[in-house]
$ cat data10.cif   # mmCIF, C-alpha atoms
data_upload
loop_
_atom_site.label_atom_id
_atom_site.label_comp_id
_atom_site.auth_asym_id
_atom_site.auth_seq_id
_atom_site.Cartn_x
_atom_site.Cartn_y
_atom_site.Cartn_z
CA MET A 1 0.17 17.39 -14.26
CA GLU A 2 3.55 16.88 -12.64
CA GLU A 3 4.96 20.07 -14.17
CA GLN A 4 2.12 22.15 -12.72
CA ASP A 5 2.79 20.65 -9.30
CA ARG A 6 6.49 21.55 -9.64
CA VAL A 7 5.66 25.16 -10.54
CA SER A 8 3.19 25.37 -7.65
CA ALA A 9 5.78 24.03 -5.19
CA PHE A 10 8.40 26.46 -6.52
CA VAL A 11 6.01 29.40 -6.16
CA ASP A 12 5.16 28.35 -2.60
CA GLU A 13 8.78 27.73 -1.62
CA HIS A 14 9.95 31.12 -2.86
CA GLY A 15 6.94 33.21 -1.84
CA LEU A 16 6.00 34.06 -5.42
CA GLU A 17 2.23 33.87 -5.03
CA ALA A 18 0.28 36.28 -7.21
CA ASP A 19 -3.29 36.98 -8.27
CA LEU A 20 -4.60 35.49 -11.50
CA ALA A 21 -4.58 38.89 -13.25
CA TYR A 22 -0.88 39.32 -12.53
CA ARG A 23 -0.18 35.77 -13.74
CA VAL A 24 -1.95 36.44 -17.05
CA LEU A 25 -0.01 39.68 -17.54
CA ASP A 26 3.23 37.83 -16.82
CA LEU A 27 2.31 35.17 -19.40
CA GLU A 28 1.60 37.86 -21.97
CA SER A 29 5.00 39.41 -21.27
CA GLU A 30 6.82 36.08 -21.64
CA VAL A 31 5.05 35.25 -24.92
CA GLY A 32 5.97 38.73 -26.09
CA GLU A 33 9.63 37.94 -25.46
CA VAL A 34 9.33 34.84 -27.67
CA ALA A 35 7.65 36.94 -30.36
CA LYS A 36 10.46 39.48 -30.13
CA GLU A 37 13.06 36.74 -30.63
CA VAL A 38 11.23 35.49 -33.71
CA THR A 39 10.82 39.01 -35.01
CA THR A 40 14.52 39.78 -34.72
CA SER A 41 15.77 36.36 -35.84
CA THR A 42 13.67 36.60 -39.01
CA ASP A 43 14.62 40.20 -39.73
CA TYR A 44 11.04 41.28 -39.07
CA GLY A 45 9.57 38.37 -41.01
CA SER A 46 11.59 38.71 -44.20
CA SER A 47 13.40 35.40 -43.50
CA PRO A 48 10.85 33.14 -41.77
CA GLU A 49 13.10 30.11 -42.20
CA SER A 50 15.54 31.78 -39.78
CA ALA A 51 13.09 31.82 -36.88
CA ALA A 52 14.78 30.98 -33.60
CA VAL A 53 13.62 30.82 -30.00
CA ALA A 54 15.85 30.15 -26.99
CA THR A 55 14.99 27.20 -24.78
CA ASP A 56 14.91 29.35 -21.66
CA GLU A 57 12.32 31.65 -23.23
CA VAL A 58 10.04 28.70 -23.96
CA GLY A 59 10.62 27.57 -20.38
CA ASP A 60 9.62 31.01 -19.09
CA CYS A 61 6.37 30.74 -21.09
CA LEU A 62 5.66 27.28 -19.73
CA PHE A 63 6.32 28.41 -16.17
CA ALA A 64 4.03 31.41 -16.62
CA LEU A 65 1.26 29.32 -18.23
CA LEU A 66 1.39 26.67 -15.52
CA ALA A 67 1.31 29.44 -12.89
CA VAL A 68 -1.81 30.80 -14.63
CA ALA A 69 -3.41 27.37 -14.50
CA GLU A 70 -2.59 27.06 -10.81
CA ALA A 71 -3.92 30.54 -10.01
CA ALA A 72 -7.11 29.78 -11.97
CA ASP A 73 -7.52 26.41 -10.21
CA VAL A 74 -7.35 24.62 -13.57
CA ASP A 75 -5.63 21.26 -13.97
CA ALA A 76 -3.27 21.85 -16.90
CA GLY A 77 -3.24 18.17 -17.86
CA GLU A 78 -7.02 18.03 -18.03
CA ALA A 79 -7.12 21.31 -19.97
CA LEU A 80 -4.67 19.89 -22.50
CA GLU A 81 -6.79 16.76 -22.93
CA VAL A 82 -9.89 18.89 -23.54
CA ALA A 83 -8.00 20.95 -26.14
CA LEU A 84 -6.66 17.88 -27.94
CA GLU A 85 -10.16 16.39 -28.11
CA LYS A 86 -11.50 19.69 -29.47
CA TYR A 87 -8.83 19.78 -32.19
CA GLU A 88 -9.46 16.13 -33.09
CA ASP A 89 -13.16 16.89 -33.46
CA ARG A 90 -12.42 19.91 -35.65
CA ILE A 91 -10.04 17.94 -37.86
CA GLU A 92 -12.65 15.22 -38.32
CA ALA A 93 -15.40 17.75 -39.04
CA THR A 94 -13.54 20.27 -41.19
CA GLY A 95 -10.17 18.77 -42.13
CA GLY A 96 -8.29 21.42 -40.16
CA ALA A 97 -7.55 22.23 -36.50
CA GLY A 98 -8.20 25.98 -36.72
CA SER A 99 -11.47 27.41 -35.42
CA GLY A 100 -12.03 29.30 -38.67
CA GLU A 101 -11.68 26.25 -40.91
#
$ encode --input "data10.cif" --output "structure tokens"
Amino acid sequence: MEEQDRVSAFVDEHGLEADLAYRVLDLESEVGEVAKEVTTSTDYGSSPESAAVATDEVGDCLFALLAVAEAADVDAGEALEVALEKYEDRIEATGGAGSGE
């Protein structure tokens, strides 16, 4: 995946290498920031139609996830294809994409 290669090159260029455990913790932190934005923009869920997330926060999550993939030696593009196939199979079998359907 081109985006994963870009993240990998950025990490290398700026000396931002980190162990997989650190990358996962960073991803959790970034997703938490998105959740915080949704929590506050919806007044703690009382106005779900007001949910808002800043583009840069989504970008931070993508960067962190692609860094996780790189640290785990997982091709993000291949992983996405596997996930899409899994969801297609679930939809065909159960009518829904969720694992609990």
$ residues_around --input "data10.cif" --residues "A:Val11" --least-positions-apart "3" --cutoff "12 Å" --atoms "only C-alpha atoms" --output "VMD selection string"
chain A and resid 4 to 8 14 to 18 23 63 to 64 66 to 68 70 to 71
$ closest_residue --input "data10.cif" --among "A:Asp75, A:Thr94, A:Glu81, A:Lys86" --to "A:Met1" --atoms "all atoms listed in the file"
A:Asp75
$ closest_residue --input "data10.cif" --among "A:Ala9, A:Leu65, A:Glu78, A:Val38" --to "A:Leu25" --atoms "all atoms listed in the file"
A:Leu65
$ atom_distance --input "data10.cif" --atom1 "atom CA of A:Asp26" --atom2 "atom CA of A:Glu2"
21.4 Å
$ closest_residue --input "data10.cif" --among "A:Leu27, A:Ala76, A:Ala69, A:Ala83" --to "A:Glu57" --atoms "all atoms listed in the file"
A:Leu27
$ resolve_selection --input "data10.cif" --expression "the PyMOL selection byres ((chain A and resi 53) around 9)" --output "list in words"
Val34, Ala35, Glu37, Val38, Ser41, Ala51, Ala52, Ala54, Thr55, Asp56, Glu57 and Val58 of chain A
$ closest_residue --input "data10.cif" --among "A:Asp89, A:Ala72, A:Asp60, A:Thr39" --to "A:Tyr22" --atoms "only C-alpha atoms"
A:Ala72
